[in-house]
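Trainee: To be precise about what I am sending: the file is called protein_25.pdb and holds PDB, C-alpha atoms.
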ATOM      1  CA  MET A   1       0.938 -21.138 -38.043  1.00  0.00           C
ATOM      2  CA  THR A   2      -1.708 -23.793 -37.866  1.00  0.00           C
ATOM      3  CA  THR A   3      -4.983 -23.355 -36.126  1.00  0.00           C
ATOM      4  CA  LYS A   4      -4.009 -25.975 -33.523  1.00  0.00           C
ATOM      5  CA  ALA A   5      -0.924 -23.943 -32.585  1.00  0.00           C
ATOM      6  CA  GLN A   6      -3.002 -20.764 -32.447  1.00  0.00           C
ATOM      7  CA  ILE A   7      -5.534 -22.403 -30.150  1.00  0.00           C
ATOM      8  CA  GLU A   8      -2.724 -23.645 -27.869  1.00  0.00           C
ATOM      9  CA  ASN A   9      -1.205 -20.139 -27.780  1.00  0.00           C
ATOM     10  CA  VAL A  10      -4.552 -18.600 -26.853  1.00  0.00           C
ATOM     11  CA  GLN A  11      -5.142 -21.220 -24.167  1.00  0.00           C
ATOM     12  CA  ASP A  12      -1.634 -20.662 -22.771  1.00  0.00           C
ATOM     13  CA  LEU A  13      -2.181 -16.895 -22.733  1.00  0.00           C
ATOM     14  CA  GLN A  14      -5.589 -17.429 -21.120  1.00  0.00           C
ATOM     15  CA  ARG A  15      -4.026 -19.510 -18.313  1.00  0.00           C
ATOM     16  CA  LYS A  16      -1.289 -16.924 -17.676  1.00  0.00           C
ATOM     17  CA  VAL A  17      -3.740 -14.046 -17.634  1.00  0.00           C
ATOM     18  CA  LYS A  18      -6.102 -15.928 -15.333  1.00  0.00           C
ATOM     19  CA  LYS A  19      -3.315 -16.659 -12.821  1.00  0.00           C
ATOM     20  CA  GLY A  20      -2.121 -13.062 -12.954  1.00  0.00           C
ATOM     21  CA  SER A  21      -5.650 -11.729 -12.538  1.00  0.00           C
ATOM     22  CA  ILE A  22      -6.249 -13.938  -9.509  1.00  0.00           C
ATOM     23  CA  PHE A  23      -2.974 -12.733  -7.969  1.00  0.00           C
ATOM     24  CA  PHE A  24      -3.722  -9.049  -8.549  1.00  0.00           C
ATOM     25  CA  THR A  25      -7.329  -9.422  -7.386  1.00  0.00           C
ATOM     26  CA  ALA A  26      -6.140 -10.930  -4.109  1.00  0.00           C
ATOM     27  CA  LEU A  27      -3.420  -8.302  -3.718  1.00  0.00           C
ATOM     28  CA  TYR A  28      -5.745  -5.388  -4.424  1.00  0.00           C
ATOM     29  CA  SER A  29      -8.437  -6.816  -2.153  1.00  0.00           C
ATOM     30  CA  ILE A  30      -5.922  -6.881   0.703  1.00  0.00           C
ATOM     31  CA  LEU A  31      -4.715  -3.342  -0.053  1.00  0.00           C
ATOM     32  CA  PHE A  32      -8.221  -1.895  -0.357  1.00  0.00           C
ATOM     33  CA  ILE A  33      -8.804  -1.640   3.416  1.00  0.00           C
ATOM     34  CA  PRO A  34      -5.640   0.390   4.206  1.00  0.00           C
ATOM     35  CA  PHE A  35      -6.195   2.669   1.212  1.00  0.00           C
ATOM     36  CA  ILE A  36      -9.815   3.366   2.144  1.00  0.00           C
ATOM     37  CA  GLY A  37      -8.679   4.186   5.685  1.00  0.00           C
ATOM     38  CA  TYR A  38      -6.015   6.481   4.280  1.00  0.00           C
ATOM     39  CA  ALA A  39      -8.630   8.204   2.132  1.00  0.00           C
ATOM     40  CA  PHE A  40     -10.979   8.719   5.083  1.00  0.00           C
ATOM     41  CA  LEU A  41      -8.152  10.299   7.079  1.00  0.00           C
ATOM     42  CA  SER A  42      -6.976  12.516   4.215  1.00  0.00           C
ATOM     43  CA  PRO A  43      -9.133  15.560   5.144  1.00  0.00           C
ATOM     44  CA  PHE A  44      -7.018  15.940   8.297  1.00  0.00           C
ATOM     45  CA  VAL A  45      -4.326  17.418   6.054  1.00  0.00           C
ATOM     46  CA  PHE A  46      -6.282  20.700   6.224  1.00  0.00           C
ATOM     47  CA  HIS A  47      -5.276  21.055   9.877  1.00  0.00           C
ATOM     48  CA  SER A  48      -1.623  21.543   8.962  1.00  0.00           C
ATOM     49  CA  PRO A  49      -0.614  25.224   9.030  1.00  0.00           C
ATOM     50  CA  ARG A  50       2.239  24.726   6.563  1.00  0.00           C
ATOM     51  CA  THR A  51       0.214  23.591   3.547  1.00  0.00           C
ATOM     52  CA  THR A  52      -1.720  25.497   0.921  1.00  0.00           C
ATOM     53  CA  VAL A  53      -5.363  24.943   0.092  1.00  0.00           C
ATOM     54  CA  VAL A  54      -4.559  23.829  -3.460  1.00  0.00           C
ATOM     55  CA  ARG A  55      -2.112  21.225  -2.197  1.00  0.00           C
ATOM     56  CA  ASP A  56      -4.635  19.991   0.359  1.00  0.00           C
ATOM     57  CA  PHE A  57      -7.416  19.558  -2.209  1.00  0.00           C
ATOM     58  CA  VAL A  58      -5.062  17.769  -4.608  1.00  0.00           C
ATOM     59  CA  PHE A  59      -3.906  15.506  -1.775  1.00  0.00           C
ATOM     60  CA  VAL A  60      -7.487  14.619  -0.774  1.00  0.00           C
ATOM     61  CA  PHE A  61      -8.490  13.991  -4.409  1.00  0.00           C
ATOM     62  CA  LEU A  62      -5.513  11.714  -4.975  1.00  0.00           C
ATOM     63  CA  ALA A  63      -6.052   9.936  -1.652  1.00  0.00           C
ATOM     64  CA  TRP A  64      -9.605   9.070  -2.742  1.00  0.00           C
ATOM     65  CA  LEU A  65      -8.418   8.076  -6.205  1.00  0.00           C
ATOM     66  CA  LEU A  66      -6.335   5.267  -4.697  1.00  0.00           C
ATOM     67  CA  PRO A  67      -9.166   3.140  -3.253  1.00  0.00           C
ATOM     68  CA  LEU A  68     -11.516   3.956  -6.124  1.00  0.00           C
ATOM     69  CA  SER A  69      -9.030   2.626  -8.671  1.00  0.00           C
ATOM     70  CA  ILE A  70      -8.953  -0.799  -7.023  1.00  0.00           C
ATOM     71  CA  PRO A  71     -12.567  -1.985  -7.574  1.00  0.00           C
ATOM     72  CA  PHE A  72     -12.572  -0.376 -11.016  1.00  0.00           C
ATOM     73  CA  SER A  73      -9.404  -2.253 -11.914  1.00  0.00           C
ATOM     74  CA  ILE A  74     -10.710  -5.568 -10.608  1.00  0.00           C
ATOM     75  CA  PHE A  75     -13.989  -5.144 -12.493  1.00  0.00           C
ATOM     76  CA  ARG A  76     -12.244  -4.249 -15.753  1.00  0.00           C
ATOM     77  CA  MET A  77      -9.758  -7.133 -15.391  1.00  0.00           C
ATOM     78  CA  TRP A  78     -12.472  -9.727 -15.176  1.00  0.00           C
ATOM     79  CA  SER A  79     -14.794  -8.161 -17.728  1.00  0.00           C
ATOM     80  CA  ASN A  80     -11.957  -8.089 -20.272  1.00  0.00           C
ATOM     81  CA  TYR A  81     -11.111 -11.680 -19.366  1.00  0.00           C
ATOM     82  CA  ASN A  82     -14.689 -12.778 -19.989  1.00  0.00           C
ATOM     83  CA  GLN A  83     -14.745 -10.943 -23.316  1.00  0.00           C
ATOM     84  CA  GLY A  84     -11.466 -12.554 -24.400  1.00  0.00           C
ATOM     85  CA  ARG A  85      -9.482  -9.326 -24.617  1.00  0.00           C
ATOM     86  CA  TYR A  86      -6.419 -10.694 -22.842  1.00  0.00           C
ATOM     87  CA  HIS A  87      -3.988  -7.962 -23.904  1.00  0.00           C
ATOM     88  CA  HIS A  88      -6.138  -5.248 -22.270  1.00  0.00           C
ATOM     89  CA  ILE A  89      -5.996  -6.993 -18.899  1.00  0.00           C
ATOM     90  CA  ARG A  90      -2.370  -6.064 -18.260  1.00  0.00           C
ATOM     91  CA  VAL A  91      -3.274  -2.374 -18.307  1.00  0.00           C
ATOM     92  CA  PHE A  92      -5.768  -2.912 -15.508  1.00  0.00           C
ATOM     93  CA  TRP A  93      -3.263  -5.021 -13.555  1.00  0.00           C
ATOM     94  CA  ALA A  94      -1.049  -1.944 -13.447  1.00  0.00           C
ATOM     95  CA  LEU A  95      -3.711   0.720 -12.899  1.00  0.00           C
ATOM     96  CA  PRO A  96      -3.633   0.889  -9.065  1.00  0.00           C
ATOM     97  CA  ILE A  97       0.162   0.704  -9.129  1.00  0.00           C
ATOM     98  CA  LEU A  98       0.241   3.616 -11.578  1.00  0.00           C
ATOM     99  CA  VAL A  99      -2.187   5.571  -9.384  1.00  0.00           C
ATOM    100  CA  VAL A 100       0.084   5.062  -6.354  1.00  0.00           C
ATOM    101  CA  ALA A 101       3.134   6.115  -8.399  1.00  0.00           C
ATOM    102  CA  GLY A 102       1.259   9.182  -9.667  1.00  0.00           C
ATOM    103  CA  PHE A 103       0.162  10.019  -6.121  1.00  0.00           C
ATOM    104  CA  VAL A 104       3.743   9.875  -4.833  1.00  0.00           C
ATOM    105  CA  LEU A 105       5.106  11.829  -7.805  1.00  0.00           C
ATOM    106  CA  ILE A 106       2.499  14.595  -7.558  1.00  0.00           C
ATOM    107  CA  ASP A 107       2.979  14.823  -3.790  1.00  0.00           C
ATOM    108  CA  ILE A 108       6.741  15.212  -4.266  1.00  0.00           C
ATOM    109  CA  LEU A 109       6.206  17.852  -6.950  1.00  0.00           C
ATOM    110  CA  LEU A 110       3.748  19.740  -4.751  1.00  0.00           C
ATOM    111  CA  ASP A 111       6.267  19.740  -1.904  1.00  0.00           C
ATOM    112  CA  PHE A 112       8.987  20.918  -4.251  1.00  0.00           C
ATOM    113  CA  PHE A 113       6.913  23.764  -5.672  1.00  0.00           C
ATOM    114  CA  ALA A 114       5.180  24.663  -2.378  1.00  0.00           C
ATOM    115  CA  SER A 115       6.871  28.044  -2.107  1.00  0.00           C
ATOM    116  CA  TYR A 116       5.733  28.991  -5.613  1.00  0.00           C
ATOM    117  CA  LEU A 117       2.167  27.870  -4.906  1.00  0.00           C
ATOM    118  CA  GLU A 118       2.051  29.912  -1.692  1.00  0.00           C
ATOM    119  CA  ALA A 119       3.079  33.036  -3.605  1.00  0.00           C
ATOM    120  CA  MET A 120       0.349  32.445  -6.219  1.00  0.00           C
ATOM    121  CA  PHE A 121      -2.538  31.733  -3.830  1.00  0.00           C
TER     122      PHE A 121
END
Would you mind giving the structure from this file in structure tokens?
Mentor:
Amino acid sequence: MTTKAQIENVQDLQRKVKKGSIFFTALYSILFIPFIGYAFLSPFVFHSPRTTVVRDFVFVFLAWLLPLSIPFSIFRMWSNYNQGRYHHIRVFWALPILVVAGFVLIDILLDFFASYLEAMF
């Protein structure tokens, strides 16, 4: 491959990554407000008589992890873009989505194993 073709490939990748980063930055900026509100309301889960303390603390921790992952992801996207590490950017595009998926999965698992957790604690 010639250097001209390599330069064109890098420029093409740079354009794609820049468009994707702008899209995800806008999307995550819009989602930040509802997630921060959800995190502020998460301590109200302690008022439920059917939950365990362990489940409540895990829920609150995960609820705060959601909005904290968004600015971290946006910062890391653009810092990797400025440093020219375009392949690392895709990981940070997916980070808040992975945090939401992990939140839902752990919440489902905690509901499923709630009877076992009540017997332990």
Trainee: Starting from the displayed file, determine the output of the PyMOL selection byres ((chain A and resi 69) around 10) and express the residue list as a PDB file with C-alpha atoms, keeping the file's coordinate frame.
Mentor:
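Result file is expr_30.pdb:
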ATOM      1  CA  TYR A  28      -5.745  -5.388  -4.424  1.00  0.00           C
ATOM      2  CA  PHE A  32      -8.221  -1.895  -0.357  1.00  0.00           C
ATOM      3  CA  TRP A  64      -9.605   9.070  -2.742  1.00  0.00           C
ATOM      4  CA  LEU A  65      -8.418   8.076  -6.205  1.00  0.00           C
ATOM      5  CA  LEU A  66      -6.335   5.267  -4.697  1.00  0.00           C
ATOM      6  CA  PRO A  67      -9.166   3.140  -3.253  1.00  0.00           C
ATOM      7  CA  LEU A  68     -11.516   3.956  -6.124  1.00  0.00           C
ATOM      8  CA  ILE A  70      -8.953  -0.799  -7.023  1.00  0.00           C
ATOM      9  CA  PRO A  71     -12.567  -1.985  -7.574  1.00  0.00           C
ATOM     10  CA  PHE A  72     -12.572  -0.376 -11.016  1.00  0.00           C
ATOM     11  CA  SER A  73      -9.404  -2.253 -11.914  1.00  0.00           C
ATOM     12  CA  ILE A  74     -10.710  -5.568 -10.608  1.00  0.00           C
ATOM     13  CA  PHE A  75     -13.989  -5.144 -12.493  1.00  0.00           C
ATOM     14  CA  PHE A  92      -5.768  -2.912 -15.508  1.00  0.00           C
ATOM     15  CA  LEU A  95      -3.711   0.720 -12.899  1.00  0.00           C
ATOM     16  CA  PRO A  96      -3.633   0.889  -9.065  1.00  0.00           C
ATOM     17  CA  ILE A  97       0.162   0.704  -9.129  1.00  0.00           C
ATOM     18  CA  LEU A  98       0.241   3.616 -11.578  1.00  0.00           C
ATOM     19  CA  VAL A  99      -2.187   5.571  -9.384  1.00  0.00           C
ATOM     20  CA  VAL A 100       0.084   5.062  -6.354  1.00  0.00           C
TER      21      VAL A 100
END
Trainee: Can you tell me, as a tab-separated table (two decimals) with C-alpha atoms, in the frame of the given file, what residues are no more than 12 Å from A:Ile22 when counting only C-alpha atoms, ignoring any on the same chain fewer than 6 positions away?
Mentor:
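Printed below is around-v5.tsv as written:
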chain	number	residue	atom	x	y	z
A	15	ARG	CA	-4.03	-19.51	-18.31
A	16	LYS	CA	-1.29	-16.92	-17.68
A	28	TYR	CA	-5.74	-5.39	-4.42
A	29	SER	CA	-8.44	-6.82	-2.15
A	74	ILE	CA	-10.71	-5.57	-10.61
A	77	MET	CA	-9.76	-7.13	-15.39
A	78	TRP	CA	-12.47	-9.73	-15.18
A	81	TYR	CA	-11.11	-11.68	-19.37
A	89	ILE	CA	-6.00	-6.99	-18.90
A	93	TRP	CA	-3.26	-5.02	-13.56
Trainee: Tell me which residues the PyMOL selection byres ((chain A and resi 111) around 12) grabs here, as a list in words.
Mentor: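 When the PyMOL selection byres ((chain A and resi 111) around 12) is applied, the selected residues are Arg50, Thr51, Thr52, Val54, Arg55, Asp56, Val58, Phe59, Val104, Leu105, Ile106, Asp107, Ile108, Leu109, Leu110, Phe112, Phe113, Ala114, Ser115, Tyr116, Leu117 and Glu118 of chain A.
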Trainee: Any chance you could resolve the PyMOL selection byres ((chain A and resi 1-11) around 12) against this file and give the residues as a VMD selection string?
Mentor: chain A and resid 12 to 18 84 to 87
Trainee: Find the distance between atom CA of A:Pro34 and atom CA of A:Ala101 and write it in Å to one decimal.
Mentor: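 Pair atom CA of A:Pro34 / atom CA of A:Ala101 returns 16.4 Å.
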Trainee: Please, what distance in Å, to one decimal, runs between atom CA of A:Arg76 and atom CA of A:Ile30?
Mentor: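 For atom CA of A:Arg76 relative to atom CA of A:Ile30, the distance reads 17.8 Å.
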Trainee: Find the distance between atom CA of A:Asn80 and atom CA of A:Gly20 and write it in Å to one decimal.
Mentor: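 Here the two named atoms are 13.2 Å from each other.
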Trainee: Point out the residue among A:Asn82, A:Gly102, A:Leu62, A:Arg90 with the least atom-to-atom distance to A:Tyr38, counting only C-alpha atoms.
Mentor: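 Among A:Asn82, A:Gly102, A:Leu62, A:Arg90, it is A:Leu62 that comes nearest to A:Tyr38.
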Trainee: Could you give me the axis-aligned bounding box of stretch 87-103 of chain A, with 3 Å of padding per side, as centre plus edge lengths in Å to one decimal, as AutoDock Vina command-line options?
Mentor:
--center_x -1.5 --center_y 1.0 --center_z -15.0 --size_x 15.3 --size_y 24.0 --size_z 23.8
Trainee: Which of these residues is nearest to A:Phe46, using all atoms listed in the file: A:Ile33, A:Val60, A:Ala26, A:Val91?
Mentor: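 The closest residue to A:Phe46 is A:Val60.
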